[in-house]
There are 2 protein chains.
Amino acid sequence: MAVSSSSSIRDLAVRAKQAARTLRSLPTAQKAEALRAIAAQLRLQQDIILAANARDVQAALAAGLPGHMVDRLRLDARALEGIASDVEAVSRLPDPVGESSAARTLPSGITVRQVRVPLGVLGVIYESRPNVTVDTATLALMSGNAVILRGGKETVHSNAALEEAIHAALHAQNLPAEAVQVIRDPARERMLELLRLDDLVDAIIPRGGAGLHRFCVENATVPVIVGGIGVVHLYLDGSFVQHGSDVQKAADIVLNAKTQKPSACNALDTLLVGRAALPKLPEVVRPLLQAGVTLKADAESLAPLAQAGLDAQPASDADYGTEFLALTASLKVVEGLEEALDFIAEHGGHTDVILTRDDAQAARFMQDVDSAAVMVNASPRFNDGGQLGLGAEVAISTQKLHARGPMGLRELTTSKWVVQGDGQVRS
Amino acid sequence: MAVSSSSSIRDLAVRAKQAARTLRSLPTAQKAEALRAIAAQLRLQQDIILAANARDVQAALAAGLPGHMVDRLRLDARALEGIASDVEAVSRLPDPVGESSAARTLPSGITVRQVRVPLGVLGVIYESRPNVTVDTATLALMSGNAVILRGGKETVHSNAALEEAIHAALHAQNLPAEAVQVIRDPARERMLELLRLDDLVDAIIPRGGAGLHRFCVENATVPVIVGGIGVVHLYLDGSFVQHGSDVQKAADIVLNAKTQKPSACNALDTLLVGRAALPKLPEVVRPLLQAGVTLKADAESLAPLAQAGLDAQPASDADYGTEFLALTASLKVVEGLEEALDFIAEHGGHTDVILTRDDAQAARFMQDVDSAAVMVNASPRFNDGGQLGLGAEVAISTQKLHARGPMGLRELTTSKWVVQGDGQVRS
């Protein structure tokens, strides 16, 4: 069953393309059943999977990997059960494949419609977390796609064991095991091969840091969906701090935006404060500082913070337009909405938020800001597939082509034109 | 007004991005008015434009360019009027920008929707026809995008004159001239610069031959929409040739598919004949041969053709899976539908047609074939923006990401998530 251990990446992609032909015509119920079978195999093979994972953890410790990275690759029975039940959750999501636009009969007499179909073969390249292996495989299968997975070299044993479990389930369902293939050779040359198979692979989805995304964009001839990278802004307007309860709300949102998961791409980077809101700034950012956040503030905001006994650092130019991915944020005073919009037009594009009680301002912000997600009076942390109601996500796209924002099952599909006639020719 | 003559491509793209911010919020009526102003300027500046075009034609003749290429770049008063009235037609198309999905309030209390917005800045690279300059500029403007155009070096004077006319119209409408910029330096290094501006340009759309597309895919870091390349198949099933009138229909469709515009990407390449249809093959292909088409036939089909006094050539393996773009087609006998489907799964993907009178076969073909357009009983030449009801097209995508098939105004847009809350944070 080690389909991917002894063959070239091209061979593997040829088999994936063959499997994709079977997958694209599978009824929803059969895909859902395959996912339930995968969940069952994950539970059945728990001991084997955890033993394989323990080998990865041991190797990582021996290699002196930092603690937080070892944590990310570690599985236990509870984590594996969580992965299995996530698979079952995906099996219950609505299937976008087969959805059709209304059929229209055109003046030539032909009847045309667009039908949603799977993308075909996906290449997903990611770093150390083994849950991504199962996550991505099941989202791909549920949307009728074959997938080639290239995980980090730190999880090679875990991924092999997870692949075996998935293959056992696919075999039992009489489905082609080549629908899910893990590249077991961690050499970078294998990844490069994958990135250039544009005759066989329909999309590359990197899941990882900016370096991985850049590597894919620079080297791929297969279309790449770039995601998860970008600067998050929150503009606090004076109209939002007229009442004590709103000042509290602003403080809660800013705290949530920055500290709920500082390593996430939708965590706050830059707080823009309207001049009229400046008197309330100490109250808004006090919880942030208490939570250990380093604030890089411009000259105008440093003074009132210092007066309130709050300890911020002076910002440099490099602190704006920067994604921190850590307990650091930058702070800048703007005259009002228009200056905030100009600033966001230059530095934004991922998730940008306004806190305002002025409906005209909110409307102008929603119109002018061109980001994957534009928000009024809510935490930017809601820019997430689960939080936006997609049920699950394979990645967050920050490019504009194909998908923008969280990518769920629908974003793993494309469309085809279906034309029916009775002998029509073009005149 | 020669904004693009003396600055780097990056400078030009920075200005395009600024212009895009204005364009994305323009009401439909204002965009339509700008297009009407462009049509008026094209008519007003007819003499200047035709004189510039005459310089290009003269240079092309002096350089010994082949006649059909000189024809493609030549403009006259009638052609220019056609271009102007096409601009007016685009101004009447429905505007996809601002369309919104139904707003949904999620369990967290936030209300979410997806709103259609322009892509931003497009880079369009094309070969010699000057009408593409105006066509592309107006489709981009009507969908709220800024565009950077890189035409062929043979049309440099025509494109400069057309750019001046467009700029005059944009100025008169108080719109930024940088919304439409032509790269006037024909050096390949300038095109390479454009292909790598992924921080400023949102999509590259090549319009030209396979070589141009390949060059873009190999060199771009900006996402590329690849199109217009692929092999077109038509499977003739035995059920379609039971009656004389249907045999005539089959002959008409095959003739239309191959000869109406042999240089088009949606022209027929390979005719697959079900064994049961073989006795009628001579009647079906006779008009093709009379029209001067070279038929490359497999051994099984050569015999009945020769018996009918029809002159085909023996096919080699290289004649299958090949896009001819000329008055040549290949011919192969298959047992029936399933063998045709296997063949198309290997070689198809652009436009694939079945001629059948069996509804179950038609359904199976529409389900199994994964091409930009799948057709039953109609000519593949209908795979075209105008013919499929889009009103106009900027290109035909043959990739699966973002757009598949003809790209109209809608395919020049993307979406953003708009989230409204009242202080919600993520728990």
# chains A, B, ... in the order shown; residues from 1 in each chain; ligands from 1
$ closest_atom_pairs --of "stretch 349-404 of chain A" --to "stretch 223-234 of chain B" --cutoff "12 Å" --atoms "only C-alpha atoms" --output "Markdown table"
| residue | atom | partner | partner_atom | distance |
| --- | --- | --- | --- | --- |
| A:Gln399 | CA | B:Pro223 | CA | 8.9 |
| A:Lys400 | CA | B:Pro223 | CA | 9.2 |
| A:Leu401 | CA | B:Pro223 | CA | 7.4 |
| A:His402 | CA | B:Pro223 | CA | 10.1 |
$ residues_around --residues "stretch 293-299 of chain A" --least-positions-apart "3" --cutoff "9 Å" --atoms "only C-alpha atoms" --output "ChimeraX atom specification"
/A:258-259,285,287-290,302-303,311-316,319,326-333
$ interface_residues --of "chain B" --to "chain A" --cutoff "7 Å" --atoms "only C-alpha atoms" --output "PyMOL selection string"
chain B and resi 25+106+112+119+202+217-218+221+223+249+253+256+366-368+371-379+381-382+388-389+400-402+404+414-426
$ residues_around --residues "A:Pro176" --least-positions-apart "5" --cutoff "10 Å" --atoms "only C-alpha atoms" --output "list in words"
Arg15, Ala16, Gln18, Ala19, Ala20, Thr22, Leu23, Ala146, His167, Leu170 and His171 of chain A
$ select_by_dssp --residues "stretch 107-195 of chain A" --states "alpha helix (DSSP H)" --output "ChimeraX atom specification"
/A:131-142,156-172,188-195
$ closest_residue --among "A:Arg150, A:Leu268, A:Phe240, A:Gly208" --to "A:Glu193" --atoms "only C-alpha atoms"
A:Arg150
$ closest_residue --among "B:Val57, B:Leu271, B:Glu300, B:Leu305" --to "B:Gly348" --atoms "only C-alpha atoms"
B:Leu271
$ atom_distance --atom1 "atom CA of A:Arg184" --atom2 "atom CA of A:Lys153"
8.4 Å
$ atom_distance --atom1 "atom CA of A:Glu178" --atom2 "atom CA of B:Glu339"
22.4 Å
$ atom_distance --atom1 "atom CA of A:Leu409" --atom2 "atom CA of A:Asp185"
28.4 Å
$ closest_residue --among "B:Ser245, B:Ser158, B:Thr398, B:Ser85" --to "B:Asp47" --atoms "only C-alpha atoms"
B:Ser158
$ residues_around --residues "A:Glu164" --least-positions-apart "4" --cutoff "12 Å" --atoms "only C-alpha atoms" --output "list in words"
Met1, Ala2, Val3, Ser4, Ile38, Gln41, Leu42, Leu44, Gln45, Gln46, Ile48, Ile49, Ala52, Thr133, Val134, His157, Ser158, Asn159, Ala160, Ala168, Ala169, Leu170, His171, Ala177, Glu178, Val180, Gln181 and Val182 of chain A
$ residues_around --residues "A:Val273" --least-positions-apart "2" --cutoff "10 Å" --atoms "only C-alpha atoms" --output "MDAnalysis selection string"
chainID A and resid 234:238 270:271 275:278 280:281 301 331:337 340 355
$ select_by_dssp --residues "stretch 257-341 of chain B" --states "strand (DSSP E or B)" --output "list of chain:residue names"
B:Thr270, B:Leu271, B:Leu272, B:Val273, B:Gly274, B:Thr294, B:Leu295, B:Lys296, B:Ala297, B:Gln313, B:Pro314, B:Thr328, B:Ala329, B:Ser330, B:Leu331, B:Lys332, B:Val333, B:Val334
$ decode --residues "stretch 381-409 of chain A" --atoms "N, CA, C and O atoms" --output "mmCIF file, in the first residue's frame"
data_model
loop_
_atom_site.group_PDB
_atom_site.id
_atom_site.type_symbol
_atom_site.label_atom_id
_atom_site.label_comp_id
_atom_site.auth_asym_id
_atom_site.auth_seq_id
_atom_site.Cartn_x
_atom_site.Cartn_y
_atom_site.Cartn_z
ATOM 1 N N ARG A 381 -10.593 38.133 14.363
ATOM 2 C CA ARG A 381 -10.419 36.683 14.541
ATOM 3 C C ARG A 381 -11.572 35.878 13.929
ATOM 4 O O ARG A 381 -11.473 34.670 13.779
ATOM 5 N N PHE A 382 -12.673 36.571 13.551
ATOM 6 C CA PHE A 382 -13.774 35.862 12.890
ATOM 7 C C PHE A 382 -13.454 35.502 11.441
ATOM 8 O O PHE A 382 -14.234 34.800 10.803
ATOM 9 N N ASN A 383 -12.350 35.999 10.880
ATOM 10 C CA ASN A 383 -11.998 35.620 9.499
ATOM 11 C C ASN A 383 -11.394 34.217 9.497
ATOM 12 O O ASN A 383 -10.179 34.023 9.506
ATOM 13 N N ASP A 384 -12.285 33.247 9.477
ATOM 14 C CA ASP A 384 -11.932 31.829 9.662
ATOM 15 C C ASP A 384 -13.097 31.004 9.120
ATOM 16 O O ASP A 384 -14.251 31.391 9.272
ATOM 17 N N GLY A 385 -12.782 29.893 8.464
ATOM 18 C CA GLY A 385 -13.825 29.097 7.818
ATOM 19 C C GLY A 385 -14.937 28.679 8.753
ATOM 20 O O GLY A 385 -16.116 28.818 8.442
ATOM 21 N N GLY A 386 -14.571 28.188 9.935
ATOM 22 C CA GLY A 386 -15.584 27.778 10.899
ATOM 23 C C GLY A 386 -16.431 28.958 11.350
ATOM 24 O O GLY A 386 -17.666 28.886 11.379
ATOM 25 N N GLN A 387 -15.774 30.079 11.658
ATOM 26 C CA GLN A 387 -16.473 31.252 12.198
ATOM 27 C C GLN A 387 -17.364 31.929 11.160
ATOM 28 O O GLN A 387 -18.338 32.584 11.504
ATOM 29 N N LEU A 388 -17.021 31.805 9.866
ATOM 30 C CA LEU A 388 -17.836 32.431 8.823
ATOM 31 C C LEU A 388 -18.875 31.463 8.255
ATOM 32 O O LEU A 388 -19.551 31.754 7.277
ATOM 33 N N GLY A 389 -18.976 30.293 8.879
ATOM 34 C CA GLY A 389 -20.074 29.391 8.529
ATOM 35 C C GLY A 389 -19.763 28.398 7.428
ATOM 36 O O GLY A 389 -20.669 27.766 6.889
ATOM 37 N N LEU A 390 -18.480 28.238 7.062
ATOM 38 C CA LEU A 390 -18.139 27.273 6.003
ATOM 39 C C LEU A 390 -18.052 25.845 6.521
ATOM 40 O O LEU A 390 -17.953 24.904 5.741
ATOM 41 N N GLY A 391 -18.005 25.659 7.832
ATOM 42 C CA GLY A 391 -17.959 24.316 8.390
ATOM 43 C C GLY A 391 -16.543 23.820 8.585
ATOM 44 O O GLY A 391 -16.244 23.141 9.544
ATOM 45 N N ALA A 392 -15.656 24.140 7.655
ATOM 46 C CA ALA A 392 -14.255 23.708 7.754
ATOM 47 C C ALA A 392 -13.483 24.530 6.750
ATOM 48 O O ALA A 392 -14.065 25.155 5.872
ATOM 49 N N GLU A 393 -12.173 24.541 6.872
ATOM 50 C CA GLU A 393 -11.388 25.264 5.879
ATOM 51 C C GLU A 393 -10.097 24.515 5.599
ATOM 52 O O GLU A 393 -9.536 23.837 6.467
ATOM 53 N N VAL A 394 -9.652 24.631 4.366
ATOM 54 C CA VAL A 394 -8.401 23.994 3.997
ATOM 55 C C VAL A 394 -7.274 25.016 4.051
ATOM 56 O O VAL A 394 -6.107 24.669 4.187
ATOM 57 N N ALA A 395 -7.620 26.297 3.959
ATOM 58 C CA ALA A 395 -6.641 27.380 3.995
ATOM 59 C C ALA A 395 -7.414 28.689 3.957
ATOM 60 O O ALA A 395 -8.618 28.705 3.722
ATOM 61 N N ILE A 396 -6.719 29.809 4.244
ATOM 62 C CA ILE A 396 -7.318 31.135 4.049
ATOM 63 C C ILE A 396 -6.579 31.798 2.901
ATOM 64 O O ILE A 396 -5.379 32.055 2.996
ATOM 65 N N SER A 397 -7.273 32.044 1.804
ATOM 66 C CA SER A 397 -6.636 32.679 0.653
ATOM 67 C C SER A 397 -6.556 34.184 0.862
ATOM 68 O O SER A 397 -7.536 34.823 1.237
ATOM 69 N N THR A 398 -5.384 34.743 0.613
ATOM 70 C CA THR A 398 -5.275 36.209 0.637
ATOM 71 C C THR A 398 -4.964 36.756 -0.748
ATOM 72 O O THR A 398 -4.625 37.906 -0.895
ATOM 73 N N GLN A 399 -5.076 35.894 -1.759
ATOM 74 C CA GLN A 399 -4.994 36.426 -3.114
ATOM 75 C C GLN A 399 -6.408 36.652 -3.612
ATOM 76 O O GLN A 399 -7.375 36.400 -2.900
ATOM 77 N N LYS A 400 -6.535 37.164 -4.807
ATOM 78 C CA LYS A 400 -7.863 37.487 -5.305
ATOM 79 C C LYS A 400 -8.403 36.467 -6.300
ATOM 80 O O LYS A 400 -9.611 36.311 -6.419
ATOM 81 N N LEU A 401 -7.524 35.778 -7.002
ATOM 82 C CA LEU A 401 -8.001 34.809 -7.995
ATOM 83 C C LEU A 401 -8.569 33.576 -7.313
ATOM 84 O O LEU A 401 -8.005 33.069 -6.369
ATOM 85 N N HIS A 402 -9.678 33.094 -7.841
ATOM 86 C CA HIS A 402 -10.328 31.834 -7.471
ATOM 87 C C HIS A 402 -11.050 31.902 -6.130
ATOM 88 O O HIS A 402 -12.240 31.666 -6.074
ATOM 89 N N ALA A 403 -10.314 32.134 -5.054
ATOM 90 C CA ALA A 403 -10.927 32.105 -3.734
ATOM 91 C C ALA A 403 -10.300 33.213 -2.918
ATOM 92 O O ALA A 403 -9.120 33.501 -3.055
ATOM 93 N N ARG A 404 -11.094 33.844 -2.076
ATOM 94 C CA ARG A 404 -10.582 34.926 -1.242
ATOM 95 C C ARG A 404 -11.154 34.741 0.146
ATOM 96 O O ARG A 404 -12.370 34.675 0.308
ATOM 97 N N GLY A 405 -10.276 34.657 1.134
ATOM 98 C CA GLY A 405 -10.734 34.362 2.484
ATOM 99 C C GLY A 405 -10.719 32.864 2.712
ATOM 100 O O GLY A 405 -10.050 32.119 1.991
ATOM 101 N N PRO A 406 -11.456 32.402 3.726
ATOM 102 C CA PRO A 406 -11.407 30.981 4.069
ATOM 103 C C PRO A 406 -11.867 30.116 2.897
ATOM 104 O O PRO A 406 -12.831 30.431 2.215
ATOM 105 N N MET A 407 -11.174 29.005 2.677
ATOM 106 C CA MET A 407 -11.523 28.078 1.603
ATOM 107 C C MET A 407 -12.151 26.827 2.189
ATOM 108 O O MET A 407 -11.479 26.060 2.871
ATOM 109 N N GLY A 408 -13.416 26.615 1.926
ATOM 110 C CA GLY A 408 -14.094 25.396 2.351
ATOM 111 C C GLY A 408 -14.251 24.458 1.164
ATOM 112 O O GLY A 408 -13.508 24.534 0.183
ATOM 113 N N LEU A 409 -15.225 23.571 1.232
ATOM 114 C CA LEU A 409 -15.439 22.601 0.155
ATOM 115 C C LEU A 409 -15.691 23.286 -1.182
ATOM 116 O O LEU A 409 -15.153 22.889 -2.211
#
